[in-house]
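Undergrad: To be precise about what I am sending: the file is called work_30.tsv and holds TSV, C-alpha atoms.
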chain	number	residue	atom	x	y	z
A	1	MET	CA	35.02	-5.85	24.83
A	2	THR	CA	34.73	-2.61	22.85
A	3	ALA	CA	38.29	-1.48	22.21
A	4	PRO	CA	38.60	1.81	20.32
A	5	ASP	CA	39.69	1.14	16.80
A	6	PRO	CA	40.44	4.51	15.22
A	7	THR	CA	42.55	2.98	12.45
A	8	ALA	CA	39.88	0.70	10.92
A	9	PRO	CA	39.49	1.82	7.31
A	10	ALA	CA	36.19	3.62	6.54
A	11	THR	CA	35.13	1.10	3.92
A	12	PRO	CA	31.66	0.74	2.38
A	13	GLU	CA	31.60	-2.78	3.89
A	14	LEU	CA	31.99	-1.40	7.38
A	15	ARG	CA	29.23	1.17	6.76
A	16	CYS	CA	27.01	-1.67	5.61
A	17	ARG	CA	27.76	-3.77	8.70
A	18	ILE	CA	26.93	-0.82	10.97
A	19	LEU	CA	23.61	-0.36	9.19
A	20	SER	CA	22.66	-3.98	9.35
A	21	ILE	CA	23.44	-4.17	13.09
A	22	ALA	CA	21.47	-0.95	13.64
A	23	GLU	CA	18.51	-2.42	11.78
A	24	ARG	CA	18.66	-5.58	13.90
A	25	LEU	CA	18.81	-3.61	17.15
A	26	PHE	CA	15.96	-1.31	16.03
A	27	ARG	CA	13.89	-4.44	15.48
A	28	GLU	CA	14.93	-6.11	18.74
A	29	ILE	CA	14.90	-3.30	21.27
A	30	GLY	CA	13.17	-0.45	19.41
A	31	TYR	CA	14.69	2.46	17.59
A	32	ARG	CA	14.24	5.00	20.38
A	33	LYS	CA	16.07	2.83	22.90
A	34	THR	CA	18.98	1.86	20.66
A	35	THR	CA	22.04	4.03	21.24
A	36	VAL	CA	25.11	4.52	19.09
A	37	ALA	CA	27.06	2.90	21.96
A	38	ASP	CA	24.87	-0.25	21.65
A	39	ILE	CA	25.60	-0.47	17.96
A	40	ALA	CA	29.34	0.06	18.46
A	41	ALA	CA	29.38	-2.56	21.23
A	42	ALA	CA	27.65	-5.13	19.01
A	43	LEU	CA	30.36	-4.51	16.40
A	44	ARG	CA	33.15	-4.52	19.01
A	45	MET	CA	34.28	-1.06	18.00
A	46	SER	CA	34.25	2.40	19.54
A	47	PRO	CA	31.27	4.76	19.10
A	48	GLY	CA	33.72	7.11	17.39
A	49	ASN	CA	33.96	4.63	14.55
A	50	VAL	CA	30.19	4.69	14.05
A	51	TYR	CA	30.26	8.49	14.05
A	52	ARG	CA	32.84	8.45	11.22
A	53	PHE	CA	30.05	7.14	8.99
A	54	PHE	CA	26.99	8.63	10.65
A	55	PRO	CA	27.54	12.04	12.24
A	56	SER	CA	24.32	11.79	14.29
A	57	LYS	CA	21.71	9.31	15.47
A	58	LYS	CA	19.30	10.92	13.02
A	59	ALA	CA	21.70	10.28	10.11
A	60	LEU	CA	21.86	6.64	11.20
A	61	ASN	CA	18.05	6.41	11.47
A	62	GLU	CA	17.63	7.88	8.02
A	63	SER	CA	20.11	5.39	6.59
A	64	VAL	CA	18.31	2.43	8.16
A	65	ALA	CA	15.04	3.73	6.71
A	66	GLU	CA	16.77	4.15	3.36
A	67	LEU	CA	17.98	0.55	3.51
A	68	LEU	CA	14.46	-0.77	4.13
A	69	LEU	CA	12.89	1.45	1.48
A	70	GLY	CA	15.72	0.70	-0.95
A	71	GLU	CA	14.79	-3.00	-0.87
A	72	ILE	CA	11.25	-2.14	-1.91
A	73	GLU	CA	12.46	0.23	-4.63
A	74	ALA	CA	14.85	-2.40	-6.02
A	75	GLU	CA	12.10	-5.02	-6.26
A	76	LEU	CA	9.71	-2.55	-7.91
A	77	ALA	CA	12.40	-1.48	-10.41
A	78	ARG	CA	12.88	-5.17	-11.32
A	79	ILE	CA	9.14	-5.48	-11.99
A	80	VAL	CA	9.13	-2.37	-14.20
A	81	GLU	CA	11.92	-3.91	-16.30
A	82	ARG	CA	10.10	-7.20	-16.94
A	83	ARG	CA	9.62	-6.98	-20.70
A	84	ASP	CA	8.11	-10.50	-20.72
A	85	LEU	CA	4.94	-9.03	-19.16
A	86	ASP	CA	2.65	-6.45	-20.72
A	87	VAL	CA	2.39	-3.10	-18.97
A	88	ALA	CA	-0.93	-3.88	-17.25
A	89	GLU	CA	0.50	-7.09	-15.81
A	90	ARG	CA	3.57	-5.22	-14.57
A	91	LEU	CA	1.41	-2.53	-12.96
A	92	ARG	CA	-0.61	-5.21	-11.16
A	93	ALA	CA	2.58	-6.93	-9.95
A	94	PHE	CA	4.04	-3.55	-8.96
A	95	LEU	CA	1.07	-2.61	-6.76
A	96	SER	CA	0.88	-6.06	-5.23
A	97	ALA	CA	4.61	-6.07	-4.35
A	98	LEU	CA	4.44	-2.51	-3.02
A	99	HIS	CA	1.60	-3.46	-0.71
A	100	GLY	CA	3.08	-6.79	0.42
A	101	MET	CA	6.57	-5.43	1.11
A	102	SER	CA	5.24	-2.31	2.87
A	103	ALA	CA	2.94	-4.33	5.13
A	104	GLU	CA	5.75	-6.76	5.96
A	105	ARG	CA	8.29	-4.05	6.77
A	106	PHE	CA	6.25	-1.36	8.42
A	107	THR	CA	3.37	-2.89	10.26
A	108	VAL	CA	3.93	-6.55	11.10
A	109	ASP	CA	6.98	-5.54	13.13
A	110	ARG	CA	5.65	-3.09	15.72
A	111	ARG	CA	9.09	-1.77	16.67
A	112	MET	CA	9.92	-0.92	13.07
A	113	HIS	CA	6.51	0.68	12.72
A	114	GLU	CA	7.48	3.12	15.47
A	115	MET	CA	10.50	4.32	13.47
A	116	VAL	CA	8.53	4.63	10.25
A	117	GLU	CA	5.75	6.61	11.96
A	118	VAL	CA	8.31	9.09	13.27
A	119	ALA	CA	9.99	9.27	9.85
A	120	ILE	CA	6.69	10.18	8.21
A	121	THR	CA	5.53	12.58	10.91
A	122	GLU	CA	8.87	14.40	10.94
A	123	ASN	CA	8.85	14.29	7.12
A	124	TRP	CA	12.35	12.88	6.80
A	125	GLU	CA	14.10	13.59	3.55
A	126	VAL	CA	14.41	9.84	2.96
A	127	CYS	CA	10.59	9.47	2.84
A	128	ARG	CA	10.28	12.25	0.31
A	129	ARG	CA	12.99	10.68	-1.86
A	130	TYR	CA	11.23	7.31	-1.63
A	131	ARG	CA	7.89	8.75	-2.77
A	132	THR	CA	9.69	10.45	-5.66
A	133	GLN	CA	11.33	7.15	-6.66
A	134	ILE	CA	8.02	5.27	-6.57
A	135	ASN	CA	6.45	8.04	-8.61
A	136	GLY	CA	9.24	7.85	-11.21
A	137	LEU	CA	8.79	4.08	-11.57
A	138	LEU	CA	5.01	4.42	-11.95
A	139	ARG	CA	5.51	7.13	-14.53
A	140	ARG	CA	7.83	4.89	-16.56
A	141	LEU	CA	5.11	2.22	-16.66
A	142	VAL	CA	2.47	4.77	-17.66
A	143	VAL	CA	4.67	6.27	-20.41
A	144	GLU	CA	5.37	2.80	-21.78
A	145	GLY	CA	1.68	1.88	-21.68
A	146	MET	CA	0.77	5.09	-23.52
A	147	GLU	CA	3.48	4.46	-26.13
A	148	THR	CA	2.38	0.88	-26.84
A	149	GLY	CA	-1.28	1.93	-26.90
A	150	GLU	CA	-2.16	-0.31	-23.95
A	151	PHE	CA	-3.19	2.88	-22.11
A	152	ALA	CA	-5.10	5.88	-23.47
A	153	ALA	CA	-2.97	8.89	-24.44
A	154	GLY	CA	-2.75	11.51	-21.72
A	155	ASP	CA	-0.45	13.30	-19.32
A	156	PRO	CA	1.73	10.55	-17.77
A	157	LYS	CA	2.71	12.78	-14.85
A	158	VAL	CA	-0.90	13.36	-13.78
A	159	ALA	CA	-1.73	9.67	-14.27
A	160	ALA	CA	1.25	8.50	-12.19
A	161	ASP	CA	0.43	11.04	-9.46
A	162	CYS	CA	-3.19	9.88	-9.33
A	163	ILE	CA	-2.21	6.19	-9.18
A	164	GLN	CA	0.17	6.95	-6.33
A	165	LEU	CA	-2.59	8.75	-4.40
A	166	ALA	CA	-5.17	6.08	-5.14
A	167	ILE	CA	-3.02	3.35	-3.56
A	168	VAL	CA	-2.00	5.25	-0.42
A	169	ARG	CA	-4.09	2.87	1.72
A	170	PHE	CA	-1.86	0.02	0.53
A	171	CYS	CA	1.53	1.59	1.26
A	172	HIS	CA	1.12	4.17	4.04
A	173	PRO	CA	2.11	2.47	7.31
A	174	ALA	CA	-0.60	4.12	9.43
A	175	LEU	CA	-3.32	3.25	6.94
A	176	ILE	CA	-2.16	-0.34	6.46
A	177	ALA	CA	-2.40	-0.71	10.24
A	178	GLN	CA	-5.78	1.06	10.51
A	179	CYS	CA	-7.37	-0.82	7.61
A	180	ASP	CA	-6.08	-4.20	8.74
A	181	GLY	CA	-9.10	-6.51	9.09
A	182	GLU	CA	-11.54	-3.90	7.74
A	183	PRO	CA	-13.71	-4.87	4.81
A	184	GLY	CA	-12.96	-3.23	1.46
A	185	PRO	CA	-11.23	-3.89	-1.81
A	186	GLY	CA	-7.87	-5.63	-1.85
A	187	VAL	CA	-4.90	-4.35	-3.81
A	188	ASP	CA	-5.84	-6.53	-6.81
A	189	GLU	CA	-9.33	-5.03	-7.05
A	190	MET	CA	-7.82	-1.56	-6.76
A	191	ALA	CA	-5.35	-2.38	-9.54
A	192	ARG	CA	-8.27	-3.44	-11.77
A	193	PHE	CA	-10.09	-0.18	-10.98
A	194	ILE	CA	-6.99	1.86	-11.84
A	195	LEU	CA	-6.36	-0.08	-15.06
A	196	ASP	CA	-9.98	0.54	-16.12
A	197	GLY	CA	-9.20	4.25	-15.98
A	198	LEU	CA	-6.00	3.94	-17.99
A	199	ARG	CA	-7.24	1.76	-20.86
A	200	PRO	CA	-8.18	3.45	-24.14
A	201	ARG	CA	-11.87	3.94	-24.90
B	202	MET	CA	-23.82	29.82	39.28
B	203	THR	CA	-24.54	26.16	38.52
B	204	ALA	CA	-27.62	25.27	40.49
B	205	PRO	CA	-28.67	21.62	40.23
B	206	ASP	CA	-31.74	21.36	38.08
B	207	PRO	CA	-32.93	17.75	38.28
B	208	THR	CA	-36.40	18.60	37.04
B	209	ALA	CA	-35.44	20.11	33.65
B	210	PRO	CA	-37.14	17.97	31.02
B	211	ALA	CA	-34.79	15.75	28.98
B	212	THR	CA	-35.76	17.36	25.68
B	213	PRO	CA	-33.98	16.96	22.35
B	214	GLU	CA	-33.35	20.73	22.49
B	215	LEU	CA	-31.42	20.40	25.72
B	216	ARG	CA	-29.37	17.50	24.32
B	217	CYS	CA	-28.58	19.69	21.33
B	218	ARG	CA	-27.48	22.62	23.53
B	219	ILE	CA	-25.20	20.35	25.55
B	220	LEU	CA	-23.59	19.11	22.35
B	221	SER	CA	-23.07	22.52	20.89
B	222	ILE	CA	-21.47	23.81	24.13
B	223	ALA	CA	-19.27	20.69	24.23
B	224	GLU	CA	-18.17	21.31	20.66
B	225	ARG	CA	-17.31	24.95	21.47
B	226	LEU	CA	-15.29	23.95	24.54
B	227	PHE	CA	-13.49	21.18	22.63
B	228	ARG	CA	-12.47	23.83	20.12
B	229	GLU	CA	-11.49	26.41	22.70
B	230	ILE	CA	-9.67	24.41	25.35
B	231	GLY	CA	-9.15	21.01	23.71
B	232	TYR	CA	-11.18	17.86	24.05
B	233	ARG	CA	-8.92	16.16	26.59
B	234	LYS	CA	-9.06	19.10	28.97
B	235	THR	CA	-12.81	19.69	28.77
B	236	THR	CA	-14.70	18.05	31.65
B	237	VAL	CA	-18.38	17.28	32.01
B	238	ALA	CA	-18.34	19.81	34.89
B	239	ASP	CA	-17.10	22.55	32.49
B	240	ILE	CA	-19.92	21.79	30.08
B	241	ALA	CA	-22.52	21.78	32.85
B	242	ALA	CA	-21.15	25.07	34.24
B	243	ALA	CA	-21.36	26.75	30.83
B	244	LEU	CA	-25.02	25.69	30.67
B	245	ARG	CA	-25.68	26.67	34.29
B	246	MET	CA	-26.87	23.19	35.16
B	247	SER	CA	-25.60	20.31	37.24
B	248	PRO	CA	-23.25	17.66	35.78
B	249	GLY	CA	-26.01	15.17	36.61
B	250	ASN	CA	-28.14	16.77	33.93
B	251	VAL	CA	-25.43	16.23	31.33
B	252	TYR	CA	-25.12	12.60	32.43
B	253	ARG	CA	-28.86	12.09	31.84
B	254	PHE	CA	-28.13	12.49	28.12
B	255	PHE	CA	-24.55	11.21	27.95
B	256	PRO	CA	-23.73	8.45	30.42
B	257	SER	CA	-19.95	8.93	29.95
B	258	LYS	CA	-17.41	11.39	28.60
B	259	LYS	CA	-16.81	8.93	25.75
B	260	ALA	CA	-20.53	8.99	24.83
B	261	LEU	CA	-20.34	12.78	24.74
B	262	ASN	CA	-17.18	12.72	22.59
B	263	GLU	CA	-18.78	10.31	20.15
B	264	SER	CA	-21.83	12.55	19.90
B	265	VAL	CA	-19.74	15.64	19.16
B	266	ALA	CA	-17.89	13.69	16.48
B	267	GLU	CA	-21.25	12.53	15.12
B	268	LEU	CA	-22.46	16.13	14.97
B	269	LEU	CA	-19.41	17.23	12.94
B	270	LEU	CA	-19.56	14.22	10.64
B	271	GLY	CA	-23.33	14.55	10.31
B	272	GLU	CA	-22.91	18.02	8.80
B	273	ILE	CA	-20.63	16.57	6.11
B	274	GLU	CA	-23.02	13.67	5.47
B	275	ALA	CA	-26.00	16.03	5.15
B	276	GLU	CA	-24.22	18.22	2.59
B	277	LEU	CA	-23.08	15.17	0.59
B	278	ALA	CA	-26.61	13.72	0.63
B	279	ARG	CA	-27.90	17.04	-0.76
B	280	ILE	CA	-25.38	16.82	-3.61
B	281	VAL	CA	-26.39	13.22	-4.42
B	282	GLU	CA	-30.02	14.39	-4.73
B	283	ARG	CA	-29.27	17.20	-7.21
B	284	ARG	CA	-31.14	15.92	-10.26
B	285	ASP	CA	-30.27	19.14	-12.14
B	286	LEU	CA	-26.67	17.86	-12.48
B	287	ASP	CA	-25.57	14.75	-14.34
B	288	VAL	CA	-23.98	11.99	-12.27
B	289	ALA	CA	-20.40	12.90	-13.18
B	290	GLU	CA	-20.96	16.51	-12.11
B	291	ARG	CA	-22.48	15.33	-8.84
B	292	LEU	CA	-19.54	13.00	-8.19
B	293	ARG	CA	-17.11	15.86	-8.78
B	294	ALA	CA	-19.07	18.15	-6.43
B	295	PHE	CA	-19.31	15.32	-3.88
B	296	LEU	CA	-15.54	14.74	-3.77
B	297	SER	CA	-14.79	18.45	-3.67
B	298	ALA	CA	-17.21	19.04	-0.76
B	299	LEU	CA	-15.94	15.98	1.10
B	300	HIS	CA	-12.38	17.28	0.86
B	301	GLY	CA	-13.20	20.89	1.69
B	302	MET	CA	-15.41	20.12	4.67
B	303	SER	CA	-13.01	17.49	6.05
B	304	ALA	CA	-10.03	19.82	5.79
B	305	GLU	CA	-11.97	22.64	7.44
B	306	ARG	CA	-13.25	20.52	10.32
B	307	PHE	CA	-10.37	18.18	11.06
B	308	THR	CA	-7.12	19.89	10.29
B	309	VAL	CA	-7.41	23.67	10.26
B	310	ASP	CA	-8.52	23.56	13.89
B	311	ARG	CA	-5.66	21.81	15.71
B	312	ARG	CA	-7.71	21.13	18.85
B	313	MET	CA	-10.45	19.40	16.89
B	314	HIS	CA	-7.80	17.45	15.00
B	315	GLU	CA	-6.67	15.97	18.31
B	316	MET	CA	-10.15	14.55	18.97
B	317	VAL	CA	-10.51	13.20	15.45
B	318	GLU	CA	-7.09	11.51	15.61
B	319	VAL	CA	-8.11	9.73	18.80
B	320	ALA	CA	-11.48	8.79	17.30
B	321	ILE	CA	-9.77	7.15	14.35
B	322	THR	CA	-6.99	5.48	16.31
B	323	GLU	CA	-9.45	4.07	18.85
B	324	ASN	CA	-11.74	3.12	15.96
B	325	TRP	CA	-14.85	4.71	17.45
B	326	GLU	CA	-18.14	3.29	16.26
B	327	VAL	CA	-19.07	6.76	14.97
B	328	CYS	CA	-16.16	6.72	12.47
B	329	ARG	CA	-17.19	3.32	11.17
B	330	ARG	CA	-20.79	4.50	10.72
B	331	TYR	CA	-19.56	7.62	8.91
B	332	ARG	CA	-17.48	5.60	6.45
B	333	THR	CA	-20.48	3.34	5.84
B	334	GLN	CA	-22.69	6.40	5.16
B	335	ILE	CA	-20.18	7.91	2.72
B	336	ASN	CA	-19.92	4.54	1.01
B	337	GLY	CA	-23.71	4.29	0.69
B	338	LEU	CA	-23.94	7.76	-0.90
B	339	LEU	CA	-21.12	6.96	-3.35
B	340	ARG	CA	-22.85	3.72	-4.25
B	341	ARG	CA	-26.11	5.52	-4.99
B	342	LEU	CA	-24.25	7.79	-7.43
B	343	VAL	CA	-22.52	4.83	-9.07
B	344	VAL	CA	-25.78	2.85	-9.39
B	345	GLU	CA	-27.49	5.86	-10.97
B	346	GLY	CA	-24.57	6.41	-13.35
B	347	MET	CA	-24.68	2.77	-14.40
B	348	GLU	CA	-28.46	2.91	-14.90
B	349	THR	CA	-28.34	6.04	-17.07
B	350	GLY	CA	-25.38	4.67	-19.04
B	351	GLU	CA	-23.09	7.52	-17.97
B	352	PHE	CA	-20.89	4.89	-16.33
B	353	ALA	CA	-19.92	1.47	-17.68
B	354	ALA	CA	-21.92	-1.47	-16.31
B	355	GLY	CA	-20.20	-3.23	-13.43
B	356	ASP	CA	-20.41	-4.06	-9.74
B	357	PRO	CA	-21.45	-0.80	-8.02
B	358	LYS	CA	-20.26	-2.04	-4.63
B	359	VAL	CA	-16.70	-2.64	-5.84
B	360	ALA	CA	-16.68	0.67	-7.72
B	361	ALA	CA	-17.90	2.64	-4.68
B	362	ASP	CA	-15.37	0.89	-2.43
B	363	CYS	CA	-12.53	1.69	-4.83
B	364	ILE	CA	-13.57	5.35	-5.14
B	365	GLN	CA	-13.67	5.62	-1.36
B	366	LEU	CA	-10.15	4.18	-1.08
B	367	ALA	CA	-8.79	6.28	-3.92
B	368	ILE	CA	-9.79	9.53	-2.18
B	369	VAL	CA	-8.53	8.66	1.29
B	370	ARG	CA	-5.81	11.33	0.99
B	371	PHE	CA	-8.57	13.94	0.65
B	372	CYS	CA	-10.68	12.96	3.66
B	373	HIS	CA	-8.43	11.21	6.22
B	374	PRO	CA	-7.41	13.84	8.80
B	375	ALA	CA	-3.83	12.58	9.21
B	376	LEU	CA	-3.25	12.47	5.46
B	377	ILE	CA	-4.80	15.88	4.82
B	378	ALA	CA	-2.36	17.26	7.40
B	379	GLN	CA	0.65	15.32	6.05
B	380	CYS	CA	-0.02	16.18	2.40
B	381	ASP	CA	-0.67	19.85	3.12
B	382	GLY	CA	1.70	21.87	0.93
B	383	GLU	CA	3.07	18.76	-0.83
B	384	PRO	CA	2.92	18.69	-4.61
B	385	GLY	CA	0.49	16.28	-6.21
B	386	PRO	CA	-2.92	16.17	-7.81
B	387	GLY	CA	-5.78	18.13	-6.29
B	388	VAL	CA	-9.19	16.64	-5.63
B	389	ASP	CA	-10.46	17.82	-9.05
B	390	GLU	CA	-7.69	15.99	-10.92
B	391	MET	CA	-8.38	12.91	-8.84
B	392	ALA	CA	-12.10	13.15	-9.66
B	393	ARG	CA	-11.24	13.27	-13.37
B	394	PHE	CA	-9.01	10.20	-12.99
B	395	ILE	CA	-11.79	8.31	-11.20
B	396	LEU	CA	-14.41	9.34	-13.78
B	397	ASP	CA	-12.13	8.12	-16.58
B	398	GLY	CA	-12.29	4.69	-14.97
B	399	LEU	CA	-16.08	4.73	-14.65
B	400	ARG	CA	-17.06	5.90	-18.15
B	401	PRO	CA	-18.14	3.32	-20.70
B	402	ARG	CA	-15.58	2.29	-23.33
Show me this structure written as structure tokens.

TA:
Amino acid sequence: MTAPDPTAPATPELRCRILSIAERLFREIGYRKTTVADIAAALRMSPGNVYRFFPSKKALNESVAELLLGEIEAELARIVERRDLDVAERLRAFLSALHGMSAERFTVDRRMHEMVEVAITENWEVCRRYRTQINGLLRRLVVEGMETGEFAAGDPKVAADCIQLAIVRFCHPALIAQCDGEPGPGVDEMARFILDGLRPR
Amino acid sequence: MTAPDPTAPATPELRCRILSIAERLFREIGYRKTTVADIAAALRMSPGNVYRFFPSKKALNESVAELLLGEIEAELARIVERRDLDVAERLRAFLSALHGMSAERFTVDRRMHEMVEVAITENWEVCRRYRTQINGLLRRLVVEGMETGEFAAGDPKVAADCIQLAIVRFCHPALIAQCDGEPGPGVDEMARFILDGLRPR
């Protein structure tokens, strides 16, 4: 069933197919149990072909994490660009989407949660990049709000950093899981609290 | 060395000594490895005497956790009472002490960290009570700030809940450990950000 196929061209499409099969197997049988051989078999190719794109299992894991996080980043970037909304409305939508998409990806699916926990504990480069991306998007919103006068003048870096810390309960996988069902403010109340701090006085 | 002593009176002092020995052993050899027999031996009494105060190892663990958390609560309650400081100054001191004491107790000492991680993951009653206590102290500060006009009028419950969420990175053991050495705002910058949101406009 899995004939070696050393001549298949190393196209971006093939890389993408490998990733999407890996993601499916991580979900179905867990990321620790999935082997490169399983992924190759599902694609009817040799493991060597998978290794042409991903030199190690860790590289593959990081790329699957990047795929999942990239979907969140793309949606948040779309929200930041929505010039039909004022900055406060975009910030509210941003925080709500960040929470909803994180909860959906990292905690509802227990097997995916396992991978994300390891990624955070081992401090994978992909997690650090993701946090930097989120921070950059938040900072763009803050800068725009300060320019239009919707927000009080201030240091946009510090403000973006503080917003990112203040919402950690709504995007950190372990905290989403721990706080599930606990009383406390929802993401909309938290957004209101944050906006109160940003508005001019 | 450990003669049974069934007639020793079940005094609060004895309970306190058992707890303080348990805490020392948890620190020295880890909380999983410490047995009730070890604690009894260190006190030169029979395990039965320990069981008179703590019917199970879990009850003992919870009480050690309560002791550690109680020290933080007591210090925070002292800060809330400091009428020589205005409410904003007390809130800053409160957050700074909460962070410092949490970091010291839960993360510097790796063996204690192990117990606290389990306490949080298993959602021990003692953790829930602690969060409720911290919330109550924060709410007292917020109510006082709203009464004196230092803070804008509003719902003190929501404000206290949001403050508690916003500072989770500075008091949750796993996050203190994960964020250690990462760039980002310190607890003083976060306190300023929170106070900006509370002040009247």

Undergrad: Hey, could you pull the box centre and edge lengths for stretch 90-104 of chain A, axis-aligned, 3 Å padding per side, all listed atoms, to one decimal in Å, as lines of an AutoDock Vina configuration file?

TA:
center_x = 3.0
center_y = -4.6
center_z = -4.3
size_x = 13.2
size_y = 10.6
size_z = 26.5

Undergrad: Write out as JSON, numbers by chain every residue belonging to chain B that has an atom at most 8 Å from any atom of chain A, counting all atoms listed in the file.

TA: {"B": [322, 359, 360, 362, 363, 366, 367, 368, 369, 370, 379, 385, 386, 390, 391, 394, 395, 396, 397, 398, 399, 401, 402]}

Undergrad: From the set A:Val108, A:Ala152, A:Val64, A:Leu138, which residue has the shortest atom-to-atom contact distance to A:Arg15, counting all atoms listed in the file?

TA: A:Val64

Undergrad: Atom CA of A:Ala153 and atom CA of A:Val87 are how many Å apart?

TA: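 Computing it gives 14.2 Å between the two atoms.
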
Undergrad: Quick one: residues within 10 Å of (-11.0, 22.2, 19.0) (file frame), counting only C-alpha atoms, please, as a count of residues only.

TA: 23

Undergrad: Considering only C-alpha atoms, state which residue in the set A:Asp155, A:Ala41, A:Ala88, A:Thr34 is at the smallest distance from A:Lys57.

TA: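 So, comparing all the options, the nearest one is A:Thr34.
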
Undergrad: Contacts of stretch 67-81 of chain A at 10 Å or less, counting only C-alpha atoms, minus same-chain residues fewer than 6 places along, as a PyMOL selection string?

TA: chain A and resi 16+19-20+23+61+87+89-102+105-106+126-127+129-131+133-134+136-138+140-141+144

Undergrad: Using all atoms listed in the file, pick whichever of B:Asp389, B:Asp287, B:Glu267, B:Glu318 has the shortest atom-to-atom distance to B:Thr349.

TA: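 Of B:Asp389, B:Asp287, B:Glu267, B:Glu318, the one nearest B:Thr349 is B:Asp287, counting all atoms listed in the file.
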
Undergrad: One decimal, in Å: what's the spacing between atom CA of A:Ala37 and atom CA of A:Pro173?

TA: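 Separation of atom CA of A:Ala37 and atom CA of A:Pro173: 28.9 Å.
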
Undergrad: Which one is closest to A:Met45: A:Leu14, A:Ala65, A:Leu60, A:Ile176? Count all atoms listed in the file.

TA: A:Leu14

Undergrad: What's the separation between atom CA of B:Pro357 and atom CA of B:Val343, in Å to one decimal place?

TA: 5.8 Å
